[in-house]
Each structure stands twice: as structure tokens, then as C-alpha cells.
>>> print(open('input09.pdb').read())   # PDB, C-alpha atoms, pLDDT in the B column
ATOM      1  CA  ALA L   1       0.000   0.000   0.000  1.00 70.00           C
ATOM      2  CA  ALA L   2       1.210   3.475  -0.848  1.00 78.00           C
ATOM      3  CA  PRO L   3       2.042   5.656   2.168  1.00 83.00           C
ATOM      4  CA  PRO L   4      -0.131   8.758   2.691  1.00 86.00           C
ATOM      5  CA  SER L   5       2.780  11.030   1.775  1.00 87.00           C
ATOM      6  CA  ALA L   6       3.102   9.352  -1.627  1.00 85.00           C
ATOM      7  CA  LEU L   7      -0.635   9.675  -2.246  1.00 86.00           C
ATOM      8  CA  ALA L   8      -0.502  13.345  -1.317  1.00 87.00           C
ATOM      9  CA  SER L   9       2.436  13.880  -3.674  1.00 85.00           C
ATOM     10  CA  LEU L  10       0.471  12.277  -6.486  1.00 81.00           C
ATOM     11  CA  LEU L  11      -2.456  14.647  -5.967  1.00 88.00           C
ATOM     12  CA  ASN L  12      -0.199  17.660  -5.536  1.00 83.00           C
ATOM     13  CA  GLY L  13       1.541  16.940  -8.816  1.00 77.00           C
ATOM     14  CA  ASP L  14       4.906  16.246  -7.204  1.00 66.00           C
ATOM     15  CA  GLY L  15       4.973  12.674  -8.455  1.00 53.00           C
ATOM     16  CA  PRO L  16       3.401  12.469 -11.921  1.00 48.00           C
ATOM     17  CA  PRO L  17       2.808   8.936 -13.200  1.00 49.00           C
ATOM     18  CA  ALA L  18       4.705   7.674 -16.198  1.00 43.00           C
ATOM     19  CA  PRO L  19       2.712   7.282 -19.431  1.00 40.00           C
ATOM     20  CA  HIS L  20       1.128   3.882 -19.968  1.00 41.00           C
ATOM     21  CA  HIS L  21      -1.104   2.543 -22.685  1.00 41.00           C
ATOM     22  CA  CYS L  22      -4.824   2.810 -22.000  1.00 46.00           C
ATOM     23  CA  PRO L  23      -7.552   1.169 -24.086  1.00 46.00           C
ATOM     24  CA  ALA L  24      -9.717   4.294 -23.981  1.00 43.00           C
ATOM     25  CA  ARG L  25      -9.877   6.036 -27.320  1.00 38.00           C
ATOM     26  CA  GLU L  26      -9.494   9.754 -27.723  1.00 36.00           C
ATOM     27  CA  GLY L  27     -12.509  11.613 -26.360  1.00 41.00           C
ATOM     28  CA  GLU L  28     -14.015   8.463 -24.821  1.00 42.00           C
ATOM     29  CA  PRO L  29     -13.155   8.195 -21.110  1.00 46.00           C
ATOM     30  CA  PRO L  30     -14.159   5.047 -19.234  1.00 45.00           C
ATOM     31  CA  SER L  31     -17.800   5.330 -18.191  1.00 44.00           C
ATOM     32  CA  PRO L  32     -18.255   5.235 -14.398  1.00 47.00           C
ATOM     33  CA  ASP L  33     -21.394   3.927 -12.781  1.00 44.00           C
ATOM     34  CA  HIS L  34     -23.031   7.280 -12.145  1.00 41.00           C
ATOM     35  CA  GLY L  35     -26.455   5.925 -11.323  1.00 46.00           C
ATOM     36  CA  LEU L  36     -27.832   8.785 -13.428  1.00 48.00           C
ATOM     37  CA  PRO L  37     -28.459   9.222 -17.147  1.00 45.00           C
ATOM     38  CA  PRO L  38     -25.756  11.098 -19.080  1.00 44.00           C
ATOM     39  CA  ASP L  39     -27.926  14.169 -19.567  1.00 45.00           C
ATOM     40  CA  HIS L  40     -27.748  14.815 -15.819  1.00 49.00           C
ATOM     41  CA  ASP L  41     -24.026  15.564 -16.098  1.00 48.00           C
ATOM     42  CA  PRO L  42     -23.692  19.025 -17.642  1.00 50.00           C
ATOM     43  CA  ALA L  43     -19.897  19.295 -17.599  1.00 48.00           C
ATOM     44  CA  PRO L  44     -17.965  17.257 -20.196  1.00 49.00           C
ATOM     45  CA  GLU L  45     -14.815  15.454 -19.197  1.00 52.00           C
ATOM     46  CA  PRO L  46     -11.447  16.720 -20.422  1.00 50.00           C
ATOM     47  CA  CYS L  47     -10.079  15.137 -23.578  1.00 46.00           C
ATOM     48  CA  TRP L  48      -8.568  11.692 -23.066  1.00 45.00           C
ATOM     49  CA  ASP L  49      -5.549  10.973 -25.238  1.00 45.00           C
ATOM     50  CA  GLY L  50      -5.610   7.207 -24.644  1.00 42.00           C
ATOM     51  CA  LEU L  51      -2.170   7.252 -23.023  1.00 41.00           C
ATOM     52  CA  HIS L  52      -0.833   9.398 -20.198  1.00 44.00           C
ATOM     53  CA  THR L  53      -3.988  11.448 -19.568  1.00 55.00           C
ATOM     54  CA  CYS L  54      -6.180   8.389 -19.084  1.00 73.00           C
ATOM     55  CA  LYS L  55      -3.763   6.582 -16.783  1.00 77.00           C
ATOM     56  CA  ALA L  56      -3.104   9.720 -14.758  1.00 78.00           C
ATOM     57  CA  HIS L  57      -6.849  10.227 -14.301  1.00 81.00           C
ATOM     58  CA  GLU L  58      -7.253   6.663 -13.061  1.00 86.00           C
ATOM     59  CA  LEU L  59      -4.431   7.078 -10.559  1.00 88.00           C
ATOM     60  CA  LEU L  60      -5.853  10.355  -9.291  1.00 91.00           C
ATOM     61  CA  ARG L  61      -9.278   8.783  -8.822  1.00 92.00           C
ATOM     62  CA  ALA L  62      -7.747   5.874  -6.935  1.00 92.00           C
ATOM     63  CA  ALA L  63      -5.869   8.269  -4.655  1.00 93.00           C
ATOM     64  CA  LEU L  64      -9.007  10.310  -4.005  1.00 95.00           C
ATOM     65  CA  HIS L  65     -10.948   7.149  -3.124  1.00 94.00           C
ATOM     66  CA  ASN L  66      -8.194   5.970  -0.779  1.00 94.00           C
ATOM     67  CA  PRO L  67      -9.189   6.835   2.819  1.00 94.00           C
ATOM     68  CA  THR L  68      -5.532   7.139   3.836  1.00 94.00           C
ATOM     69  CA  THR L  69      -4.915  10.015   1.433  1.00 95.00           C
ATOM     70  CA  PRO L  70      -4.541  13.154   3.591  1.00 95.00           C
ATOM     71  CA  ALA L  71      -7.598  15.392   3.581  1.00 96.00           C
ATOM     72  CA  GLU L  72      -5.523  18.480   2.847  1.00 96.00           C
ATOM     73  CA  ALA L  73      -4.397  16.904  -0.428  1.00 95.00           C
ATOM     74  CA  VAL L  74      -7.934  15.878  -1.378  1.00 96.00           C
ATOM     75  CA  THR L  75      -9.754  19.122  -0.557  1.00 97.00           C
ATOM     76  CA  PRO L  76      -8.596  21.165  -3.601  1.00 96.00           C
ATOM     77  CA  PHE L  77     -10.381  18.687  -5.872  1.00 96.00           C
ATOM     78  CA  ALA L  78     -13.816  19.771  -4.588  1.00 97.00           C
ATOM     79  CA  ASP L  79     -14.124  22.155  -7.530  1.00 96.00           C
ATOM     80  CA  HIS L  80     -12.006  20.258 -10.063  1.00 94.00           C
ATOM     81  CA  PRO L  81     -13.317  20.471 -13.658  1.00 93.00           C
ATOM     82  CA  SER L  82     -13.661  16.678 -13.821  1.00 92.00           C
ATOM     83  CA  ARG L  83     -16.761  15.247 -12.171  1.00 93.00           C
ATOM     84  CA  LEU L  84     -14.944  11.909 -11.926  1.00 92.00           C
ATOM     85  CA  LEU L  85     -12.406  13.496  -9.602  1.00 94.00           C
ATOM     86  CA  ARG L  86     -14.949  15.478  -7.581  1.00 95.00           C
ATOM     87  CA  TRP L  87     -17.208  12.478  -6.990  1.00 96.00           C
ATOM     88  CA  PRO L  88     -15.011  10.554  -4.497  1.00 96.00           C
ATOM     89  CA  LEU L  89     -14.920  13.568  -2.183  1.00 97.00           C
ATOM     90  CA  ALA L  90     -18.670  13.441  -1.559  1.00 98.00           C
ATOM     91  CA  ALA L  91     -18.370  10.304   0.577  1.00 97.00           C
ATOM     92  CA  ARG L  92     -15.274  11.298   2.541  1.00 97.00           C
ATOM     93  CA  ARG L  93     -15.811  12.121   6.202  1.00 97.00           C
ATOM     94  CA  ASP L  94     -12.612  14.009   6.917  1.00 97.00           C
ATOM     95  CA  LEU L  95     -12.915  17.124   4.770  1.00 98.00           C
ATOM     96  CA  PRO L  96     -13.232  20.705   6.053  1.00 97.00           C
ATOM     97  CA  PRO L  97     -16.704  22.318   6.017  1.00 97.00           C
ATOM     98  CA  GLU L  98     -15.863  24.548   3.063  1.00 98.00           C
ATOM     99  CA  ALA L  99     -15.231  21.489   0.877  1.00 98.00           C
ATOM    100  CA  TYR L 100     -18.684  20.111   1.661  1.00 98.00           C
ATOM    101  CA  GLU L 101     -20.208  23.527   0.979  1.00 98.00           C
ATOM    102  CA  THR L 102     -18.557  23.536  -2.442  1.00 98.00           C
ATOM    103  CA  LEU L 103     -19.784  20.019  -3.211  1.00 98.00           C
ATOM    104  CA  ALA L 104     -23.326  20.971  -2.171  1.00 98.00           C
ATOM    105  CA  ARG L 105     -23.317  23.406  -5.109  1.00 98.00           C
ATOM    106  CA  ASP L 106     -21.970  20.832  -7.570  1.00 98.00           C
ATOM    107  CA  PRO L 107     -23.848  20.785 -10.904  1.00 97.00           C
ATOM    108  CA  VAL L 108     -23.982  16.958 -10.927  1.00 97.00           C
ATOM    109  CA  PRO L 109     -27.011  15.627  -8.981  1.00 97.00           C
ATOM    110  CA  GLY L 110     -25.308  12.307  -8.256  1.00 97.00           C
ATOM    111  CA  ILE L 111     -22.478  14.046  -6.429  1.00 97.00           C
ATOM    112  CA  ARG L 112     -24.921  16.071  -4.353  1.00 98.00           C
ATOM    113  CA  ALA L 113     -26.935  12.930  -3.578  1.00 98.00           C
ATOM    114  CA  GLU L 114     -23.869  11.075  -2.341  1.00 98.00           C
ATOM    115  CA  LEU L 115     -22.910  14.098  -0.283  1.00 98.00           C
ATOM    116  CA  ALA L 116     -26.407  14.221   1.222  1.00 98.00           C
ATOM    117  CA  GLU L 117     -25.929  10.723   2.681  1.00 98.00           C
ATOM    118  CA  ASN L 118     -22.626  11.658   4.311  1.00 98.00           C
ATOM    119  CA  PRO L 119     -23.023  11.955   8.108  1.00 98.00           C
ATOM    120  CA  ALA L 120     -19.954  14.215   8.262  1.00 98.00           C
ATOM    121  CA  ILE L 121     -21.640  17.172   6.569  1.00 98.00           C
ATOM    122  CA  GLY L 122     -22.805  19.997   8.797  1.00 97.00           C
ATOM    123  CA  ASP L 123     -26.306  21.220   9.524  1.00 98.00           C
ATOM    124  CA  ASP L 124     -25.940  24.219   7.206  1.00 98.00           C
ATOM    125  CA  VAL L 125     -25.104  21.956   4.270  1.00 98.00           C
ATOM    126  CA  MET L 126     -28.022  19.666   5.116  1.00 98.00           C
ATOM    127  CA  ARG L 127     -30.413  22.604   5.221  1.00 98.00           C
ATOM    128  CA  ALA L 128     -29.186  23.746   1.825  1.00 98.00           C
ATOM    129  CA  LEU L 129     -29.572  20.259   0.345  1.00 98.00           C
ATOM    130  CA  ALA L 130     -33.104  20.021   1.748  1.00 98.00           C
ATOM    131  CA  ASP L 131     -34.096  22.652  -0.818  1.00 97.00           C
ATOM    132  CA  ASP L 132     -32.368  20.869  -3.697  1.00 98.00           C
ATOM    133  CA  ALA L 133     -34.442  20.685  -6.861  1.00 97.00           C
ATOM    134  CA  CYS L 134     -33.440  17.042  -7.401  1.00 97.00           C
ATOM    135  CA  HIS L 135     -35.688  14.539  -5.635  1.00 97.00           C
ATOM    136  CA  ASP L 136     -32.907  11.946  -5.389  1.00 97.00           C
ATOM    137  CA  VAL L 137     -30.773  14.413  -3.433  1.00 98.00           C
ATOM    138  CA  ARG L 138     -33.568  15.092  -0.950  1.00 98.00           C
ATOM    139  CA  ARG L 139     -34.325  11.382  -0.602  1.00 97.00           C
ATOM    140  CA  ALA L 140     -30.661  10.655   0.122  1.00 98.00           C
ATOM    141  CA  LEU L 141     -30.646  13.426   2.711  1.00 98.00           C
ATOM    142  CA  ALA L 142     -33.681  11.930   4.457  1.00 98.00           C
ATOM    143  CA  GLY L 143     -31.625   8.784   5.021  1.00 97.00           C
ATOM    144  CA  ASN L 144     -28.752  10.648   6.656  1.00 98.00           C
ATOM    145  CA  PRO L 145     -28.555   9.495  10.296  1.00 97.00           C
ATOM    146  CA  ARG L 146     -27.527  12.987  11.468  1.00 98.00           C
ATOM    147  CA  ILE L 147     -30.189  15.032   9.717  1.00 98.00           C
ATOM    148  CA  PRO L 148     -31.788  17.564  12.082  1.00 97.00           C
ATOM    149  CA  LEU L 149     -35.314  16.482  12.899  1.00 97.00           C
ATOM    150  CA  ASP L 150     -36.816  19.772  11.746  1.00 96.00           C
ATOM    151  CA  VAL L 151     -35.143  19.326   8.353  1.00 98.00           C
ATOM    152  CA  LEU L 152     -36.492  15.791   8.097  1.00 97.00           C
ATOM    153  CA  THR L 153     -40.019  16.984   8.813  1.00 96.00           C
ATOM    154  CA  ARG L 154     -39.628  19.607   6.072  1.00 95.00           C
ATOM    155  CA  LEU L 155     -38.782  16.829   3.645  1.00 97.00           C
ATOM    156  CA  ALA L 156     -41.572  14.506   4.756  1.00 94.00           C
ATOM    157  CA  GLY L 157     -44.373  15.967   2.679  1.00 91.00           C
ATOM    158  CA  ARG L 158     -42.448  16.417  -0.573  1.00 92.00           C
ATOM    159  CA  THR L 159     -39.974  13.556  -0.683  1.00 95.00           C
ATOM    160  CA  ARG L 160     -40.666   9.857  -1.171  1.00 93.00           C
ATOM    161  CA  THR L 161     -38.622   8.034   1.446  1.00 91.00           C
ATOM    162  CA  GLY L 162     -39.966   4.499   1.145  1.00 87.00           C
ATOM    163  CA  THR L 163     -41.683   2.508   3.873  1.00 87.00           C
ATOM    164  CA  ALA L 164     -38.801   1.431   6.115  1.00 90.00           C
ATOM    165  CA  PRO L 165     -37.949   3.384   9.273  1.00 93.00           C
ATOM    166  CA  LEU L 166     -35.403   6.125   8.659  1.00 96.00           C
ATOM    167  CA  PRO L 167     -32.140   6.154  10.638  1.00 97.00           C
ATOM    168  CA  ARG L 168     -32.910   9.509  12.262  1.00 97.00           C
ATOM    169  CA  THR L 169     -36.350   8.487  13.470  1.00 96.00           C
ATOM    170  CA  ASP L 170     -34.970   5.166  14.682  1.00 95.00           C
ATOM    171  CA  SER L 171     -32.564   7.075  16.931  1.00 95.00           C
ATOM    172  CA  ALA L 172     -35.105   9.687  18.020  1.00 96.00           C
ATOM    173  CA  SER L 173     -35.821  10.087  21.713  1.00 96.00           C
ATOM    174  CA  PRO L 174     -39.262   9.249  23.151  1.00 95.00           C
ATOM    175  CA  THR L 175     -39.989  12.979  23.356  1.00 96.00           C
ATOM    176  CA  GLU L 176     -39.068  13.499  19.714  1.00 97.00           C
ATOM    177  CA  ILE L 177     -41.153  10.546  18.562  1.00 96.00           C
ATOM    178  CA  ALA L 178     -44.139  11.776  20.560  1.00 96.00           C
ATOM    179  CA  ALA L 179     -43.792  15.182  18.896  1.00 97.00           C
ATOM    180  CA  LEU L 180     -43.705  13.583  15.448  1.00 97.00           C
ATOM    181  CA  ALA L 181     -46.763  11.489  16.253  1.00 96.00           C
ATOM    182  CA  ALA L 182     -48.651  14.598  17.387  1.00 96.00           C
ATOM    183  CA  SER L 183     -47.848  16.615  14.257  1.00 97.00           C
ATOM    184  CA  ALA L 184     -50.685  18.136  12.261  1.00 96.00           C
ATOM    185  CA  ASP L 185     -48.966  16.902   9.099  1.00 96.00           C
ATOM    186  CA  PRO L 186     -49.851  13.271   8.290  1.00 96.00           C
ATOM    187  CA  ALA L 187     -46.559  12.839   6.415  1.00 96.00           C
ATOM    188  CA  VAL L 188     -44.709  13.628   9.647  1.00 97.00           C
ATOM    189  CA  ARG L 189     -46.921  11.313  11.710  1.00 96.00           C
ATOM    190  CA  MET L 190     -46.100   8.601   9.202  1.00 96.00           C
ATOM    191  CA  LEU L 191     -42.410   8.968  10.068  1.00 96.00           C
ATOM    192  CA  ALA L 192     -43.237   8.097  13.673  1.00 96.00           C
ATOM    193  CA  ALA L 193     -45.566   5.274  12.677  1.00 95.00           C
ATOM    194  CA  ARG L 194     -42.748   3.423  10.911  1.00 94.00           C
ATOM    195  CA  ARG L 195     -40.838   2.858  14.138  1.00 93.00           C
ATOM    196  CA  ARG L 196     -40.858  -0.805  15.131  1.00 91.00           C
ATOM    197  CA  ASP L 197     -40.482  -0.217  18.867  1.00 93.00           C
ATOM    198  CA  LEU L 198     -43.212   2.291  19.647  1.00 94.00           C
ATOM    199  CA  PRO L 199     -44.856   2.060  23.062  1.00 93.00           C
ATOM    200  CA  ALA L 200     -48.261   0.392  22.957  1.00 92.00           C
ATOM    201  CA  GLY L 201     -50.227   3.579  23.592  1.00 93.00           C
ATOM    202  CA  LEU L 202     -48.549   5.489  20.795  1.00 95.00           C
ATOM    203  CA  LEU L 203     -48.784   2.515  18.457  1.00 93.00           C
ATOM    204  CA  ASP L 204     -52.523   2.242  19.096  1.00 94.00           C
ATOM    205  CA  ALA L 205     -53.026   5.969  18.546  1.00 95.00           C
ATOM    206  CA  LEU L 206     -51.210   5.907  15.217  1.00 95.00           C
ATOM    207  CA  ALA L 207     -53.014   2.736  14.139  1.00 95.00           C
ATOM    208  CA  ALA L 208     -56.280   4.621  14.701  1.00 95.00           C
ATOM    209  CA  ASP L 209     -55.075   7.716  12.820  1.00 96.00           C
ATOM    210  CA  PRO L 210     -57.769   9.262  10.595  1.00 96.00           C
ATOM    211  CA  ASP L 211     -55.294   9.275   7.710  1.00 96.00           C
ATOM    212  CA  ALA L 212     -55.261   5.797   6.198  1.00 95.00           C
ATOM    213  CA  LYS L 213     -51.625   6.080   5.123  1.00 94.00           C
ATOM    214  CA  VAL L 214     -50.541   6.830   8.674  1.00 95.00           C
ATOM    215  CA  ALA L 215     -52.693   4.061  10.109  1.00 94.00           C
ATOM    216  CA  GLY L 216     -51.221   1.570   7.656  1.00 91.00           C
ATOM    217  CA  ALA L 217     -47.603   2.670   7.997  1.00 89.00           C
ATOM    218  CA  GLY L 218     -46.839   0.895  11.252  1.00 77.00           C
ATOM    219  CA  PRO L 219     -45.930  -2.739  11.863  1.00 69.00           C
ATOM    220  CA  ALA L 220     -48.742  -5.260  12.022  1.00 56.00           C
ATOM    221  CA  ARG L 221     -49.812  -6.042  15.577  1.00 50.00           C
ATOM    222  CA  PRO L 222     -50.630  -9.615  16.609  1.00 48.00           C
ATOM    223  CA  GLY L 223     -54.354  -9.990  17.048  1.00 47.00           C
ATOM    224  CA  ALA L 224     -55.188  -6.612  15.534  1.00 46.00           C
ATOM    225  CA  PRO L 225     -57.922  -6.498  12.877  1.00 44.00           C
ATOM    226  CA  GLY L 226     -56.396  -7.220   9.492  1.00 40.00           C
ATOM    227  CA  SER L 227     -53.127  -8.415  10.988  1.00 38.00           C
ATOM    228  CA  ARG L 228     -51.984 -11.656   9.432  1.00 30.00           C
ATOM    229  CA  ARG L 229     -49.785 -12.293  12.450  1.00 32.00           C
ATOM    230  CA  GLY L 230     -52.865 -12.764  14.603  1.00 31.00           C
ATOM    231  CA  TRP L 231     -54.498 -15.259  12.282  1.00 23.00           C
ATOM    232  CA  PRO L 232     -54.160 -19.008  12.767  1.00 28.00           C
ATOM    233  CA  ARG L 233     -52.358 -20.930  10.079  1.00 31.00           C
ATOM    234  CA  CYS L 234     -54.607 -22.366   7.412  1.00 30.00           C
ATOM    235  CA  ARG L 235     -55.034 -26.102   7.589  1.00 29.00           C
ATOM    236  CA  ARG L 236     -55.325 -28.261   4.539  1.00 32.00           C
TER     237      ARG L 236
END
>>> encode(input="input09.pdb", output="C-alpha cells")
Amino acid sequence: AAPPSALASLLNGDGPPAPHHCPAREGEPPSPDHGLPPDHDPAPEPCWDGLHTCKAHELLRAALHNPTTPAEAVTPFADHPSRLLRWPLAARRDLPPEAYETLARDPVPGIRAELAENPAIGDDVMRALADDACHDVRRALAGNPRIPLDVLTRLAGRTRTGTAPLPRTDSASPTEIAALAASADPAVRMLAARRRDLPAGLLDALAADPDAKVAGAGPARPGAPGSRRGWPRCRR
């Protein structure tokens, strides 16, 4: 494994890699798994010459993905022209706040979505991402275990977050869960209803919620009407 100092030198340009043959043809960089269609990426990649440029790019990406690469060497890449070199920074948890702020303004939705999941980003960045125009970014943010509860409730009514309990509501205190369950917004009450360990009184109250989606969001209770768990097994 390369020592951190060598990785930092590579990113700083002090140790440029020697040219090697690369199968990529000119203008056709290797296609990463973006998870998004190409038209979501507004910035084109720099020209690939099929030799040194391609190999150097691959080495830089590997260094940026390497968790032992010093953060101070990685940080300048937050606004690099290449999205392939900016992308690895979104998941790193050791960058200064200004790097995350820069990435939160990235033109590529996939980078912002990966950043939104990162528990190392600060509250200010999370609040900015909560207003992101891209639904996938907001959905990723809702799954961040450190999202402030007031930001999560803002997202509840305009972001599809699935049916499983969210990490932040799973770690919420009894007082916080009670506040969610008492919300006037059914989308917020639904967040509380997904918890699997609600006290019986709160579980019963949410199961009787006038909003059918809230009432049906919680776990089935043995013996409750419509609960398959309370039914005897069919006999042949």
C-alpha cells in the first residue's frame, strides 16, 4: 500500500505517473457507474488521449478514493473540472466544512446525492440540500442518520422516502417521537408510525389515525384487525 505522503504527492503533482497505454480512445473516457443518465451531467470530461492522460486520471481517482490520502491533499479537488475526480470527495468524512459547501453546489445531482448521505456534513449543508431541486438528493438526505429532525419533517411531505424506518427516526428520543406522532402533518406522523419499537399507547393511537396512510404505515400487531400475524395458520 502506498504511504499517505506518496498519495498526497500524487495529488499535488509532485509525483506524476509515467505514461502507460490505455484502451480508452481519444474523447471516450471510461464510463463510471453514475447511477444517473448522461444528460444529468452538464460538464464534459477533459479530452482523453488514450495514453498518459487516461492513466493519470485513473491514478488520481484511486488516490481520491483511498481513505488514507490526507484530507488536505484531497480538498482542492472539490471544484475540479472533472466530475470523476470530484465524486469521491462526496463520501469522505474528513474534509473541512468549506469542501462540503462547495460540493453541495456541484452541478452533478449524483455528487450532491452522495454528499447528502454523508453523516460528516454539517447542519448548514443539510439545510441547503433540503431545498435541492433534485428529488434523489432530498431522498438521500432523508436517510442521513444525522439530519436535524426539523429538516427531516420539512422533507416529509415532498420527498418519497420508502416505507422502512429512517435512521434519524430510529434514533429519536421518546420525546421526539411523541412530537412527530402529534404533528398536524400526516406525512410527519407517518415517520413516527414506521418505528418498530413504539410504546403500545402510541402505536394504538397511530393505528387509529384518521389518515389511512398513517394508520397503515406501522408494523402489524398480533391480534389486531387485518393483521396476518394474529391469524391461525390455514389447515389443509
>>> residues_around(input="input09.pdb", residues="region 172-175 of chain L", least_positions_apart="3", cutoff="10 Å", atoms="all atoms listed in the file", output="PyMOL selection string")
chain L and resi 149+167-169+178-181+192+195+198-199
>>> residues_around(input="input09.pdb", residues="Gly216 (chain L)", least_positions_apart="3", cutoff="7 Å", atoms="all atoms listed in the file", output="PyMOL selection string")
chain L and resi 207+212-213
>>> closest_residue(input="input09.pdb", among="L:Thr75, L:Thr68, L:Ser183, L:Ser9", to="Glu101 (chain L)", atoms="all atoms listed in the file")
L:Thr75
>>> atom_distance(input="input09.pdb", atom1="CA of Pro145 (chain L)", atom2="CA of Leu166 (chain L)")
7.8 Å
>>> atom_distance(input="input09.pdb", atom1="CA of Pro4 (chain L)", atom2="CA of Thr69 (chain L)")
5.1 Å
>>> closest_residue(input="input09.pdb", among="L:Pro3, L:Pro97, L:Pro119, L:Pro88", to="Leu60 (chain L)", atoms="all atoms listed in the file")
L:Pro88
>>> atom_distance(input="input09.pdb", atom1="CA of Pro186 (chain L)", atom2="CA of Arg139 (chain L)")
18.0 Å
>>> resolve_selection(input="input09.pdb", expression="the PyMOL selection byres ((chain L and resi 155) around 9)", output="list in words")
Ala130, Asp131, Arg138, Arg139, Leu141, Ala142, Asp150, Val151, Leu152, Thr153, Arg154, Ala156, Gly157, Arg158, Thr159 and Arg160 of chain L
>>> resolve_selection(input="input09.pdb", expression="the PyMOL selection byres ((chain L and resi 6) around 12)", output="MDAnalysis selection string")
chainID L and resid 1:5 7:17 59:60 63 66 68:70 73
>>> write_last_selection(input="input09.pdb", atoms="C-alpha atoms", output="CSV table (one decimal), in the frame of the given file")
chain,number,residue,atom,x,y,z
L,1,ALA,CA,0.0,0.0,0.0
L,2,ALA,CA,1.2,3.5,-0.8
L,3,PRO,CA,2.0,5.7,2.2
L,4,PRO,CA,-0.1,8.8,2.7
L,5,SER,CA,2.8,11.0,1.8
L,7,LEU,CA,-0.6,9.7,-2.2
L,8,ALA,CA,-0.5,13.3,-1.3
L,9,SER,CA,2.4,13.9,-3.7
L,10,LEU,CA,0.5,12.3,-6.5
L,11,LEU,CA,-2.5,14.6,-6.0
L,12,ASN,CA,-0.2,17.7,-5.5
L,13,GLY,CA,1.5,16.9,-8.8
L,14,ASP,CA,4.9,16.2,-7.2
L,15,GLY,CA,5.0,12.7,-8.5
L,16,PRO,CA,3.4,12.5,-11.9
L,17,PRO,CA,2.8,8.9,-13.2
L,59,LEU,CA,-4.4,7.1,-10.6
L,60,LEU,CA,-5.9,10.4,-9.3
L,63,ALA,CA,-5.9,8.3,-4.7
L,66,ASN,CA,-8.2,6.0,-0.8
L,68,THR,CA,-5.5,7.1,3.8
L,69,THR,CA,-4.9,10.0,1.4
L,70,PRO,CA,-4.5,13.2,3.6
L,73,ALA,CA,-4.4,16.9,-0.4
>>> closest_residue(input="input09.pdb", among="L:Ala187, L:Ala56, L:Ala99, L:Ala193", to="Ile121 (chain L)", atoms="only C-alpha atoms")
L:Ala99
>>> residues_around(input="input09.pdb", residues="Pro67 (chain L)", least_positions_apart="5", cutoff="10 Å", atoms="all atoms listed in the file", output="list in words")
Pro4, Ala62, Arg92, Arg93 and Asp94 of chain L
>>> closest_residue(input="input09.pdb", among="L:Leu85, L:Leu191, L:Val137, L:Ile177", to="Gly218 (chain L)", atoms="only C-alpha atoms")
L:Leu191
>>> resolve_selection(input="input09.pdb", expression="the PyMOL selection byres ((chain L and resi 113) around 8)", output="JSON, numbers by chain")
{"L": [109, 110, 111, 112, 114, 115, 116, 117, 136, 137, 138, 140, 141]}
>>> closest_residue(input="input09.pdb", among="L:Leu84, L:Ala182, L:Leu64, L:Cys54", to="Val108 (chain L)", atoms="all atoms listed in the file")
L:Leu84
>>> decode(input="input09.pdb", residues="region 146-179 of chain L", atoms="C-alpha atoms", output="mmCIF file, in the first residue's frame")
data_model
loop_
_atom_site.group_PDB
_atom_site.id
_atom_site.type_symbol
_atom_site.label_atom_id
_atom_site.label_comp_id
_atom_site.auth_asym_id
_atom_site.auth_seq_id
_atom_site.Cartn_x
_atom_site.Cartn_y
_atom_site.Cartn_z
ATOM 1 C CA ARG L 146 -27.527 12.987 11.468
ATOM 2 C CA ILE L 147 -30.189 15.032 9.717
ATOM 3 C CA PRO L 148 -31.788 17.564 12.082
ATOM 4 C CA LEU L 149 -35.314 16.482 12.899
ATOM 5 C CA ASP L 150 -36.816 19.772 11.746
ATOM 6 C CA VAL L 151 -35.143 19.326 8.353
ATOM 7 C CA LEU L 152 -36.492 15.791 8.097
ATOM 8 C CA THR L 153 -40.019 16.984 8.813
ATOM 9 C CA ARG L 154 -39.628 19.607 6.072
ATOM 10 C CA LEU L 155 -38.782 16.829 3.645
ATOM 11 C CA ALA L 156 -41.572 14.506 4.756
ATOM 12 C CA GLY L 157 -44.373 15.967 2.679
ATOM 13 C CA ARG L 158 -42.448 16.417 -0.573
ATOM 14 C CA THR L 159 -39.974 13.556 -0.683
ATOM 15 C CA ARG L 160 -40.666 9.857 -1.171
ATOM 16 C CA THR L 161 -38.622 8.034 1.446
ATOM 17 C CA GLY L 162 -39.966 4.499 1.145
ATOM 18 C CA THR L 163 -41.683 2.508 3.873
ATOM 19 C CA ALA L 164 -38.801 1.431 6.115
ATOM 20 C CA PRO L 165 -37.949 3.384 9.273
ATOM 21 C CA LEU L 166 -35.403 6.125 8.659
ATOM 22 C CA PRO L 167 -32.140 6.154 10.638
ATOM 23 C CA ARG L 168 -32.910 9.509 12.262
ATOM 24 C CA THR L 169 -36.350 8.487 13.470
ATOM 25 C CA ASP L 170 -34.970 5.166 14.682
ATOM 26 C CA SER L 171 -32.564 7.075 16.931
ATOM 27 C CA ALA L 172 -35.105 9.687 18.020
ATOM 28 C CA SER L 173 -35.821 10.087 21.713
ATOM 29 C CA PRO L 174 -39.262 9.249 23.151
ATOM 30 C CA THR L 175 -39.989 12.979 23.356
ATOM 31 C CA GLU L 176 -39.068 13.499 19.714
ATOM 32 C CA ILE L 177 -41.153 10.546 18.562
ATOM 33 C CA ALA L 178 -44.139 11.776 20.560
ATOM 34 C CA ALA L 179 -43.792 15.182 18.896
#
